[in-house]
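Asker: Enclosed is the structure file my_file.txt (compact mmCIF, C-alpha atoms).
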# COMPACT_ATOMS: atom_id res chain seq x y z
CA MET A 1 123.12 142.68 82.52
CA LYS A 2 119.58 141.90 83.60
CA ILE A 3 118.43 142.66 87.16
CA ALA A 4 115.24 141.31 88.75
CA VAL A 5 113.34 143.49 91.26
CA THR A 6 110.33 142.35 93.30
CA ALA A 7 107.54 144.90 92.77
CA THR A 8 104.07 145.47 94.21
CA ALA A 9 102.66 146.26 90.73
CA PRO A 10 103.76 145.82 87.10
CA ASP A 11 105.19 149.34 86.95
CA PHE A 12 108.81 150.53 87.20
CA ASP A 13 107.70 153.32 89.57
CA ALA A 14 105.64 151.02 91.79
CA PRO A 15 106.95 150.42 95.33
CA MET A 16 109.22 147.41 95.74
CA ASP A 17 107.64 144.29 97.21
CA PRO A 18 109.57 143.21 100.35
CA ARG A 19 108.44 139.60 99.79
CA PHE A 20 110.25 137.34 97.36
CA GLY A 21 108.32 134.06 97.03
CA ARG A 22 104.92 135.70 97.10
CA ALA A 23 105.91 139.03 95.48
CA ALA A 24 103.12 140.60 93.40
CA CYS A 25 105.40 140.43 90.34
CA PHE A 26 108.99 140.63 89.16
CA LEU A 27 110.39 143.37 86.95
CA VAL A 28 113.31 142.39 84.76
CA VAL A 29 115.42 145.49 84.10
CA ASP A 30 118.33 146.08 81.71
CA ASP A 31 120.80 148.05 83.83
CA GLU A 32 122.14 150.06 80.86
CA THR A 33 119.01 151.01 78.93
CA LEU A 34 116.63 150.75 81.93
CA ALA A 35 114.22 148.92 79.63
CA TRP A 36 111.97 146.75 81.77
CA SER A 37 109.52 143.94 81.39
CA VAL A 38 107.18 142.10 83.74
CA VAL A 39 107.49 138.47 84.81
CA GLU A 40 104.35 137.14 86.50
CA ASN A 41 104.42 135.37 89.88
CA THR A 42 100.67 134.63 90.08
CA GLN A 43 101.17 130.85 90.20
CA ASN A 44 102.77 131.28 93.62
CA PHE A 45 100.07 133.37 95.33
CA ASN A 46 98.10 130.38 96.55
CA ALA A 47 100.84 127.76 96.64
CA PRO A 48 100.56 125.85 99.94
CA GLN A 49 104.33 125.70 100.20
CA GLY A 50 107.43 126.11 98.03
CA ALA A 51 106.68 129.65 96.79
CA GLY A 52 110.29 130.72 97.37
CA ILE A 53 111.63 127.70 95.48
CA GLN A 54 109.36 128.29 92.49
CA ALA A 55 110.04 132.04 92.48
CA GLY A 56 113.76 131.23 92.57
CA LYS A 57 113.31 128.98 89.56
CA THR A 58 111.44 131.78 87.73
CA ILE A 59 114.28 134.23 88.37
CA VAL A 60 116.93 131.72 87.25
CA GLU A 61 114.97 131.07 84.05
CA SER A 62 114.54 134.84 83.40
CA GLY A 63 118.28 135.09 82.78
CA CYS A 64 118.83 137.72 85.47
CA THR A 65 122.15 137.70 87.32
CA VAL A 66 121.12 140.00 90.19
CA LEU A 67 117.97 139.97 92.34
CA ILE A 68 116.93 142.99 94.41
CA THR A 69 114.29 142.14 97.02
CA GLY A 70 113.34 142.73 100.65
CA ASN A 71 113.67 139.32 102.22
CA CYS A 72 115.00 135.99 101.00
CA GLY A 73 114.59 132.72 102.89
CA PRO A 74 116.97 129.74 102.97
CA LYS A 75 115.39 127.56 100.27
CA ALA A 76 115.12 130.38 97.70
CA PHE A 77 118.65 131.43 98.66
CA ARG A 78 119.94 127.93 97.88
CA ILE A 79 118.28 127.90 94.43
CA LEU A 80 119.40 131.43 93.52
CA THR A 81 123.00 131.17 94.66
CA GLY A 82 123.19 127.67 93.13
CA ALA A 83 122.58 129.35 89.78
CA GLY A 84 125.12 132.10 90.55
CA ILE A 85 122.58 134.88 91.10
CA LYS A 86 123.57 137.71 93.45
CA ILE A 87 120.91 138.53 96.06
CA VAL A 88 120.70 142.13 97.16
CA THR A 89 118.56 143.40 100.01
CA GLY A 90 118.11 146.73 101.81
CA ALA A 91 116.77 148.79 98.88
CA LYS A 92 114.10 151.42 99.59
CA GLY A 93 111.33 153.05 97.56
CA SER A 94 110.26 152.16 94.04
CA ALA A 95 111.69 149.52 91.73
CA ARG A 96 113.36 152.34 89.73
CA GLN A 97 114.95 153.76 92.90
CA ALA A 98 116.18 150.29 93.86
CA ILE A 99 117.99 149.98 90.52
CA GLU A 100 119.48 153.44 91.01
CA GLN A 101 120.65 152.56 94.54
CA TYR A 102 122.25 149.38 93.22
CA ALA A 103 123.98 151.23 90.37
CA ALA A 104 125.33 153.77 92.87
CA GLY A 105 126.85 150.93 94.92
CA GLU A 106 124.63 151.69 97.92
CA LEU A 107 123.34 148.13 98.34
CA GLN A 108 125.07 145.12 99.85
CA GLU A 109 125.08 141.63 98.42
CA SER A 110 123.69 139.02 100.89
CA ASP A 111 125.89 136.09 101.76
CA GLU A 112 123.09 134.24 103.58
CA ALA A 113 119.30 134.08 103.84
CA ASN A 114 118.03 137.01 105.92
CA VAL A 115 114.78 135.40 107.12
CA GLU A 116 113.71 131.94 108.35
CA GLY A 117 111.98 129.47 106.06
CA HIS A 118 108.21 129.13 106.42
CA TRP A 119 108.27 125.33 106.45
CA ILE A 120 111.28 124.35 108.52
CA MET B 1 93.95 99.56 110.70
CA ASN B 2 95.09 98.33 107.36
CA PRO B 3 92.23 97.06 105.20
CA ALA B 4 94.76 96.04 102.53
CA ASN B 5 95.87 92.97 104.47
CA GLY B 6 92.42 92.23 105.84
CA GLU B 7 93.18 93.21 109.43
CA VAL B 8 90.46 95.41 110.80
CA ASN B 9 89.88 96.62 114.34
CA ALA B 10 86.53 95.53 115.67
CA MET B 11 85.89 99.06 116.85
CA MET B 12 87.92 102.23 116.60
CA ILE B 13 86.54 105.42 118.21
CA THR B 14 88.19 108.79 117.58
CA ILE B 15 87.92 111.59 120.13
CA ALA B 16 88.27 114.87 118.22
CA SER B 17 87.22 118.51 118.46
CA GLY B 18 87.42 121.60 116.33
CA LYS B 19 88.58 123.82 119.15
CA GLY B 20 91.60 122.92 121.25
CA GLY B 21 91.37 122.59 125.01
CA THR B 22 87.77 121.35 125.06
CA GLY B 23 88.60 118.07 126.79
CA LYS B 24 89.58 115.47 124.18
CA THR B 25 92.20 113.87 126.41
CA THR B 26 89.85 114.01 129.40
CA VAL B 27 87.17 112.14 127.44
CA ALA B 28 89.65 109.70 125.83
CA THR B 29 91.37 108.72 129.09
CA ASN B 30 88.19 108.44 131.16
CA LEU B 31 86.47 106.46 128.41
CA ALA B 32 89.44 104.07 128.29
CA VAL B 33 89.36 103.65 132.08
CA ALA B 34 85.58 103.04 131.95
CA VAL B 35 86.10 100.22 129.44
CA GLY B 36 89.19 98.87 131.22
CA GLU B 37 90.43 95.41 130.27
CA GLY B 38 91.30 94.94 126.60
CA VAL B 39 91.14 98.56 125.48
CA THR B 40 93.93 100.21 123.50
CA LEU B 41 94.31 103.98 123.76
CA LEU B 42 96.18 105.82 121.01
CA ASP B 43 97.67 109.27 121.58
CA CYS B 44 97.56 110.65 118.04
CA ASP B 45 98.08 114.25 119.16
CA VAL B 46 101.69 113.63 118.19
CA GLU B 47 102.77 117.27 118.31
CA GLU B 48 101.99 117.42 122.01
CA PRO B 49 101.09 113.98 123.37
CA ASN B 50 99.75 114.18 126.93
CA VAL B 51 97.79 110.98 127.65
CA HIS B 52 100.85 109.54 129.43
CA LEU B 53 100.58 112.31 132.04
CA PHE B 54 97.24 110.87 133.18
CA LEU B 55 97.77 107.14 132.71
CA GLU B 56 101.51 106.85 133.45
CA PRO B 57 102.32 103.79 131.35
CA GLU B 58 105.04 101.32 132.33
CA SER B 59 107.49 99.09 130.44
CA ILE B 60 107.55 101.45 127.46
CA THR B 61 109.19 100.40 124.21
CA ARG B 62 110.27 103.13 121.82
CA THR B 63 110.69 102.72 118.07
CA PRO B 64 111.90 105.42 115.68
CA VAL B 65 109.41 106.28 112.93
CA THR B 66 110.62 107.33 109.53
CA THR B 67 108.94 108.50 106.36
CA MET B 68 109.92 108.02 102.73
CA VAL B 69 111.86 110.78 100.97
CA PRO B 70 113.56 110.49 97.58
CA LYS B 71 117.29 109.77 97.40
CA VAL B 72 119.05 111.11 94.33
CA ASP B 73 121.89 109.38 92.47
CA THR B 74 123.36 112.37 90.62
CA GLU B 75 125.43 110.04 88.41
CA LEU B 76 122.25 108.55 86.95
CA CYS B 77 120.14 111.75 86.81
CA VAL B 78 119.62 112.98 83.24
CA GLN B 79 117.96 116.26 84.33
CA CYS B 80 114.73 115.39 82.47
CA GLY B 81 112.61 117.19 85.07
CA GLU B 82 109.86 114.52 85.26
CA CYS B 83 110.07 114.42 89.07
CA SER B 84 110.14 118.19 89.37
CA ASP B 85 107.06 118.60 87.14
CA LEU B 86 105.17 116.02 89.19
CA CYS B 87 105.91 117.29 92.69
CA GLN B 88 103.19 119.69 93.85
CA PHE B 89 105.15 120.60 96.97
CA SER B 90 108.45 121.71 95.37
CA ALA B 91 110.20 119.08 97.48
CA ILE B 92 112.16 118.04 94.40
CA THR B 93 112.87 120.80 91.89
CA LEU B 94 115.00 120.97 88.77
CA VAL B 95 116.46 124.43 88.20
CA ALA B 96 118.87 125.11 85.33
CA GLY B 97 120.05 121.51 85.15
CA GLU B 98 120.53 121.19 88.90
CA LEU B 99 118.24 118.91 90.93
CA TYR B 100 117.42 120.22 94.41
CA THR B 101 115.63 118.26 97.13
CA PHE B 102 113.92 119.69 100.22
CA PRO B 103 113.18 116.60 102.37
CA HIS B 104 111.16 118.50 104.99
CA MET B 105 108.66 119.57 102.35
CA CYS B 106 108.15 116.04 101.01
CA HIS B 107 104.73 114.43 101.60
CA SER B 108 106.14 110.94 100.88
CA CYS B 109 103.80 110.16 97.97
CA GLY B 110 106.56 108.31 96.10
CA GLY B 111 105.50 109.82 92.76
CA CYS B 112 108.97 111.12 91.91
CA VAL B 113 110.54 107.68 92.35
CA MET B 114 107.91 106.18 90.03
CA ALA B 115 108.27 108.99 87.46
CA CYS B 116 112.07 108.70 87.21
CA SER B 117 112.79 106.71 84.04
CA ALA B 118 116.56 107.06 84.52
CA GLY B 119 116.46 105.12 87.80
CA ALA B 120 118.21 108.00 89.59
CA LEU B 121 115.67 108.18 92.41
CA THR B 122 115.23 105.56 95.11
CA GLU B 123 113.31 105.48 98.36
CA GLY B 124 115.30 106.98 101.24
CA THR B 125 114.06 107.75 104.73
CA ARG B 126 113.91 110.62 107.15
CA GLU B 127 113.13 110.41 110.88
CA LEU B 128 109.82 111.93 111.98
CA GLY B 129 109.65 110.95 115.61
CA GLU B 130 108.99 107.88 117.68
CA LEU B 131 106.35 105.38 118.62
CA GLU B 132 105.94 104.55 122.31
CA ILE B 133 104.08 101.43 123.40
CA GLY B 134 103.38 100.94 127.09
CA GLN B 135 100.94 99.42 129.52
CA CYS B 136 98.94 101.19 132.23
CA LYS B 137 97.30 98.48 134.34
CA ASN B 138 94.86 96.82 131.92
CA ILE B 139 95.04 99.58 129.29
CA GLU B 140 97.51 99.47 126.41
CA LEU B 141 98.78 102.93 125.49
CA ILE B 142 100.36 103.65 122.11
CA SER B 143 101.65 107.20 121.60
CA GLY B 144 103.31 109.03 118.74
CA ARG B 145 105.88 111.68 119.56
CA LEU B 146 106.85 114.04 116.74
CA ARG B 147 110.43 115.25 116.59
CA VAL B 148 110.71 118.88 117.75
CA GLY B 149 110.64 121.18 114.72
CA GLU B 150 109.02 118.57 112.49
CA ALA B 151 105.93 119.66 110.54
CA MET B 152 104.85 116.42 108.89
CA SER B 153 102.63 114.65 111.43
CA PRO B 154 100.13 112.59 109.34
CA PRO B 155 102.58 109.76 108.49
CA LEU B 156 103.40 109.36 112.20
CA ILE B 157 99.69 109.39 113.11
CA ASN B 158 99.09 106.64 110.54
CA ARG B 159 101.90 104.58 112.07
CA VAL B 160 100.37 104.91 115.54
CA LYS B 161 97.07 103.60 114.15
CA GLU B 162 98.81 100.76 112.30
CA ALA B 163 100.48 99.73 115.55
CA ALA B 164 97.01 99.00 116.98
CA GLU B 165 96.03 96.62 114.19
CA GLY B 166 93.88 93.71 115.27
CA ARG B 167 93.02 95.15 118.71
CA PRO B 168 89.33 94.65 119.61
CA LEU B 169 88.60 98.17 120.92
CA VAL B 170 90.70 101.20 120.15
CA ILE B 171 90.19 104.78 121.37
CA VAL B 172 92.05 107.50 119.45
CA ASP B 173 92.92 110.83 121.10
CA ALA B 174 93.11 113.13 118.04
CA PRO B 175 94.89 116.47 117.63
CA PRO B 176 92.69 119.61 117.67
CA GLY B 177 91.45 121.42 114.57
CA THR B 178 90.17 120.16 111.24
CA SER B 179 93.35 120.02 109.14
CA CYS B 180 95.38 117.09 107.74
CA PRO B 181 96.56 115.61 111.09
CA VAL B 182 92.95 115.46 112.35
CA ILE B 183 91.73 113.87 109.12
CA ALA B 184 94.57 111.31 109.44
CA ALA B 185 93.41 110.51 112.99
CA MET B 186 89.72 110.17 112.04
CA GLU B 187 90.07 108.39 108.69
CA GLY B 188 89.05 104.74 108.70
CA THR B 189 87.69 104.82 112.26
CA HIS B 190 84.16 103.66 113.07
CA TYR B 191 82.87 106.52 115.18
CA VAL B 192 83.93 110.07 116.03
CA VAL B 193 83.20 111.80 119.34
CA LEU B 194 83.41 115.59 119.00
CA VAL B 195 84.15 117.25 122.32
CA THR B 196 82.95 120.83 122.59
CA GLU B 197 82.07 123.52 125.10
CA PRO B 198 79.01 125.79 125.24
CA THR B 199 80.80 128.98 124.13
CA PRO B 200 80.81 130.95 120.85
CA PHE B 201 84.28 129.58 119.98
CA GLY B 202 83.26 126.08 120.99
CA LEU B 203 80.22 126.14 118.71
CA HIS B 204 82.06 127.80 115.82
CA ASP B 205 84.80 125.18 115.76
CA LEU B 206 82.33 122.35 116.41
CA LYS B 207 80.53 123.28 113.20
CA LEU B 208 83.81 123.02 111.25
CA ALA B 209 84.53 119.63 112.82
CA VAL B 210 81.00 118.40 112.00
CA GLU B 211 81.51 119.41 108.37
CA ALA B 212 84.79 117.46 108.26
CA VAL B 213 83.29 114.32 109.81
CA ARG B 214 80.34 114.47 107.41
CA VAL B 215 82.73 114.59 104.44
CA LEU B 216 84.42 111.45 105.80
CA ASN B 217 80.95 109.91 106.32
CA ILE B 218 81.69 108.56 109.80
CA PRO B 219 78.92 108.26 112.42
CA PHE B 220 79.47 110.80 115.19
CA GLY B 221 78.07 112.33 118.36
CA ILE B 222 79.10 115.12 120.68
CA VAL B 223 80.21 115.53 124.27
CA ILE B 224 79.60 118.90 125.90
CA ASN B 225 82.28 119.66 128.46
CA ARG B 226 81.84 122.34 131.17
CA ALA B 227 78.21 122.07 130.06
CA ASP B 228 76.81 124.51 132.60
CA ALA B 229 79.53 127.15 132.16
CA GLY B 230 78.16 128.75 128.98
CA ASP B 231 74.74 128.84 127.37
CA ASP B 232 72.50 126.43 125.44
CA ARG B 233 73.75 127.29 121.94
CA VAL B 234 75.51 123.94 121.42
CA VAL B 235 72.46 122.01 122.62
CA ARG B 236 70.21 123.95 120.23
CA TYR B 237 72.63 123.37 117.36
CA ALA B 238 72.73 119.62 118.09
CA GLU B 239 68.91 119.50 118.15
CA ASP B 240 68.63 121.39 114.86
CA GLU B 241 71.17 119.13 113.18
CA GLY B 242 69.89 115.89 114.70
CA ILE B 243 73.24 115.15 116.37
CA GLU B 244 73.27 112.90 119.42
CA VAL B 245 74.64 114.44 122.63
CA LEU B 246 76.41 111.44 124.17
CA LEU B 247 77.41 113.08 127.43
CA SER B 248 77.35 116.40 129.25
CA ILE B 249 80.13 116.98 131.76
CA PRO B 250 79.35 119.64 134.37
CA TYR B 251 81.80 122.42 135.10
CA SER B 252 83.74 121.70 138.26
CA ARG B 253 86.70 123.40 139.88
CA LYS B 254 87.58 120.08 141.48
CA VAL B 255 87.96 118.42 138.06
CA ALA B 256 90.31 121.22 136.99
CA GLU B 257 92.38 120.75 140.14
CA TYR B 258 92.63 117.00 139.53
CA TYR B 259 93.48 117.59 135.87
CA ALA B 260 96.31 119.95 136.85
CA ARG B 261 97.77 117.12 138.95
CA GLY B 262 97.51 114.59 136.15
CA ARG B 263 94.54 112.79 137.68
CA LEU B 264 91.38 111.53 136.06
CA LEU B 265 87.95 113.13 135.96
CA VAL B 266 86.34 109.95 137.33
CA GLU B 267 88.56 110.26 140.41
CA ALA B 268 87.24 113.77 141.05
CA MET B 269 83.67 112.83 140.09
CA PRO B 270 83.15 109.10 140.69
CA GLU B 271 79.49 109.54 139.80
CA MET B 272 80.59 110.10 136.15
CA ALA B 273 82.05 106.59 135.79
CA ASP B 274 78.69 105.05 134.85
CA ALA B 275 78.05 107.83 132.35
CA PHE B 276 81.35 107.08 130.55
CA ALA B 277 80.56 103.36 130.52
CA GLY B 278 77.11 104.14 129.13
CA MET B 279 78.67 106.30 126.45
CA VAL B 280 80.63 103.33 125.09
CA GLU B 281 77.36 101.40 124.73
CA LYS B 282 75.69 104.33 122.94
CA ILE B 283 78.66 104.56 120.56
CA GLN B 284 78.68 100.85 119.79
CA LYS B 285 74.97 100.95 119.03
CA ALA B 286 75.24 104.04 116.81
CA ALA B 287 78.30 102.72 114.97
CA GLN B 288 76.54 99.44 114.23
CA GLU B 289 73.54 101.30 112.86
CA GLY B 290 75.99 103.36 110.77
CA ARG B 291 74.05 106.48 111.64
CA PRO B 292 75.95 109.51 110.28
Can you dump the structure from the file as structure tokens?
Answerer:
Amino acid sequence: MKIAVTATAPDFDAPMDPRFGRAACFLVVDDETLAWSVVENTQNFNAPQGAGIQAGKTIVESGCTVLITGNCGPKAFRILTGAGIKIVTGAKGSARQAIEQYAAGELQESDEANVEGHWI
Amino acid sequence: MNPANGEVNAMMITIASGKGGTGKTTVATNLAVAVGEGVTLLDCDVEEPNVHLFLEPESITRTPVTTMVPKVDTELCVQCGECSDLCQFSAITLVAGELYTFPHMCHSCGGCVMACSAGALTEGTRELGELEIGQCKNIELISGRLRVGEAMSPPLINRVKEAAEGRPLVIVDAPPGTSCPVIAAMEGTHYVVLVTEPTPFGLHDLKLAVEAVRVLNIPFGIVINRADAGDDRVVRYAEDEGIEVLLSIPYSRKVAEYYARGRLLVEAMPEMADAFAGMVEKIQKAAQEGRP
């Protein structure tokens, strides 16, 4: 199973990024081997709007089935859940620690967006 | 104004400002009253229209205003992604074979409908707000009122301006700032009046507004409100840039008191009535000369 984590730098030990749409980058992690790779999010940094939607599309296309992030708005939530991806919030520390917390069953799956959209 | 069908207003003057609260509505309403008979005043500050508080129009007709958004026929959609690739605003997005639309993010360009070769997209509508047309003595007032929570004001501003097609003299009360709604209010008009105040913020935002008007290549001049309340920095800037100062309005507590009661500046300061009338003449002369 592949898990996506929003990270502040392309490093498994970098702190998690609480933002989803405008996260510095995504780390795609294999939950068994802990092998990880980086998926860029640079195209969204200066997007006038729709960063959450495009980031959601990126995660869907990465083949991940779980996303660990800080906050997820309504439009990204619609895209992600539409593709059957579980959204998990509440993790603390680095991307590695977030994966560990998820594996230990310490994190809850979100059943709705936890923040408001930026454009209605 | 719609040049496409040949109907052009004889004269359309936009009252704008970089900074908010400088006195756009004060200038727009008092200018309209100075002209009187035959003038049409447009409240294009559709997010917070306030001209009606000063002119109190009667026999108002209200019309809902909508904007185009794509309507999807999922039976016909072949998930080709042409629309999704085209849309720069993510208002229509194909993700893993599923087409999502976000109508509030749509800028109504119509590109997705044109790009759809499967015929799955047609033009739908979404309500933005309403158009109010009323009469205040000899002044016609047309206002736009954006629906609460709505973010897309330029299409409504354009509809307010279209509603004044063919009128001989139109004064536009623009929203503050220099972003899309302001550009929508200024675009295609014959002259822009930038209202400012002699403060650091006033000058800073005036400079931004001047840059915007110069890009649009519209002749413009400035009005300095509360002219004696600050310093001479705006006057010096205008001199350096060769910008005409159309009018200076002195600072007056009485004007503020009248304003707070929804009354006009010319009621508090009758001696300003001639100055507003003279301003119209200056504008007409400058607009005819096409002086930027």
Asker: Between A:Glu109, A:Asp30, A:Glu40, A:Glu116, which is the closest to Thr69 in chain A once you count only C-alpha atoms?
Answerer: A:Glu109
Asker: Tell me, as a ChimeraX atom specification, which residues lie within 7 Å of Ser94 in chain A, counting all atoms listed in the file; anything in the same chain fewer than 2 positions away does not count.
Answerer: /A:13-16,92,96-98
Asker: Define the interface residues of chain B facing chain A as those within 9 Å, counting all atoms listed in the file, and report them as a list in words.
Answerer: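 Applying the cut-off to the listed atoms yields Gln88, Phe89, Ser90, Ala91, Thr93, Leu94, Val95, Ala96, Glu98, Tyr100, Phe102, His104, Met105, Gly149, Glu150 and Ala151 of chain B.
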Asker: So, with all atoms listed in the file as the atoms that count, which of B:Cys83, B:Ala209, B:Leu146, B:Ala115 lies closest to Val193 in chain B?
Answerer: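 Of B:Cys83, B:Ala209, B:Leu146, B:Ala115, the one nearest Val193 in chain B, counting all atoms listed in the file, is B:Ala209.
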Asker: Counting only C-alpha atoms, what is within 10 Å of range 241-252 of chain B, bar same-chain residues fewer than 4 positions away, as a VMD selection string?
Answerer: chain B and resid 23 27 193 to 197 210 219 to 230 234 to 237 256 to 257 265 268 to 269 272 275 to 276 278 to 280 282 to 283 286 291 to 292
Asker: Once you count all atoms listed in the file, which residues end up no further than 10 Å from (106.5, 115.9, 86.5) in the file's frame, shown as a list in words?
Answerer: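 Every residue inside that radius is included here: Cys80, Gly81, Glu82, Cys83, Ser84, Asp85, Leu86, Cys87, Gln88, Ile92, Thr93, Gly111, Cys112, Ala115 and Cys116 of chain B.
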Asker: Please indicate the distance in Å from CA of Gly110 in chain B to CA of Glu162 in chain B, rounded to one decimal place.
Answerer: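 So the answer is 19.5 Å.
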Asker: Set the distance at 8 Å and use all atoms listed in the file: which residues neighbour Glu127 in chain B once local chain neighbours fewer than 2 positions away are removed? I'd like the list as an MDAnalysis selection string.
Answerer: chainID B and resid 64:67 125 129 147
Asker: Complete range 92-108 of chain A with N, CA and C atoms (output as a PDB file, keeping the file's coordinate frame).
Answerer:
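out13.pdb, written as the output of this step:
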ATOM      1  N   LYS A  92     115.301 150.706  99.112  1.00  0.00           N
ATOM      2  CA  LYS A  92     114.100 151.420  99.590  1.00  0.00           C
ATOM      3  C   LYS A  92     113.417 152.122  98.431  1.00  0.00           C
ATOM      4  N   GLY A  93     112.080 152.270  98.548  1.00  0.00           N
ATOM      5  CA  GLY A  93     111.330 153.050  97.560  1.00  0.00           C
ATOM      6  C   GLY A  93     110.814 152.211  96.414  1.00  0.00           C
ATOM      7  N   SER A  94     110.831 152.820  95.215  1.00  0.00           N
ATOM      8  CA  SER A  94     110.260 152.160  94.040  1.00  0.00           C
ATOM      9  C   SER A  94     111.284 151.214  93.422  1.00  0.00           C
ATOM     10  N   ALA A  95     110.809 150.430  92.450  1.00  0.00           N
ATOM     11  CA  ALA A  95     111.690 149.520  91.730  1.00  0.00           C
ATOM     12  C   ALA A  95     112.789 150.328  91.011  1.00  0.00           C
ATOM     13  N   ARG A  96     112.387 151.471  90.432  1.00  0.00           N
ATOM     14  CA  ARG A  96     113.360 152.340  89.730  1.00  0.00           C
ATOM     15  C   ARG A  96     114.430 152.823  90.711  1.00  0.00           C
ATOM     16  N   GLN A  97     113.982 153.269  91.893  1.00  0.00           N
ATOM     17  CA  GLN A  97     114.950 153.760  92.900  1.00  0.00           C
ATOM     18  C   GLN A  97     115.885 152.642  93.366  1.00  0.00           C
ATOM     19  N   ALA A  98     115.345 151.423  93.438  1.00  0.00           N
ATOM     20  CA  ALA A  98     116.180 150.290  93.860  1.00  0.00           C
ATOM     21  C   ALA A  98     117.307 150.055  92.857  1.00  0.00           C
ATOM     22  N   ILE A  99     116.974 150.143  91.569  1.00  0.00           N
ATOM     23  CA  ILE A  99     117.990 149.980  90.520  1.00  0.00           C
ATOM     24  C   ILE A  99     119.047 151.092  90.626  1.00  0.00           C
ATOM     25  N   GLU A 100     118.564 152.307  90.882  1.00  0.00           N
ATOM     26  CA  GLU A 100     119.480 153.440  91.010  1.00  0.00           C
ATOM     27  C   GLU A 100     120.422 153.263  92.215  1.00  0.00           C
ATOM     28  N   GLN A 101     119.826 152.786  93.340  1.00  0.00           N
ATOM     29  CA  GLN A 101     120.650 152.560  94.540  1.00  0.00           C
ATOM     30  C   GLN A 101     121.695 151.472  94.286  1.00  0.00           C
ATOM     31  N   TYR A 102     121.298 150.462  93.522  1.00  0.00           N
ATOM     32  CA  TYR A 102     122.250 149.380  93.220  1.00  0.00           C
ATOM     33  C   TYR A 102     123.377 149.897  92.329  1.00  0.00           C
ATOM     34  N   ALA A 103     122.994 150.682  91.309  1.00  0.00           N
ATOM     35  CA  ALA A 103     123.980 151.230  90.370  1.00  0.00           C
ATOM     36  C   ALA A 103     124.978 152.141  91.105  1.00  0.00           C
ATOM     37  N   ALA A 104     124.482 152.850  92.125  1.00  0.00           N
ATOM     38  CA  ALA A 104     125.330 153.770  92.870  1.00  0.00           C
ATOM     39  C   ALA A 104     126.189 153.050  93.921  1.00  0.00           C
ATOM     40  N   GLY A 105     126.050 151.717  93.975  1.00  0.00           N
ATOM     41  CA  GLY A 105     126.850 150.930  94.920  1.00  0.00           C
ATOM     42  C   GLY A 105     126.399 151.076  96.359  1.00  0.00           C
ATOM     43  N   GLU A 106     125.129 151.464  96.553  1.00  0.00           N
ATOM     44  CA  GLU A 106     124.630 151.690  97.920  1.00  0.00           C
ATOM     45  C   GLU A 106     124.110 150.416  98.584  1.00  0.00           C
ATOM     46  N   LEU A 107     123.949 149.348  97.795  1.00  0.00           N
ATOM     47  CA  LEU A 107     123.340 148.130  98.340  1.00  0.00           C
ATOM     48  C   LEU A 107     124.371 147.011  98.497  1.00  0.00           C
ATOM     49  N   GLN A 108     124.150 146.220  99.528  1.00  0.00           N
ATOM     50  CA  GLN A 108     125.070 145.120  99.850  1.00  0.00           C
ATOM     51  C   GLN A 108     124.549 143.793  99.305  1.00  0.00           C
TER      52      GLN A 108
END
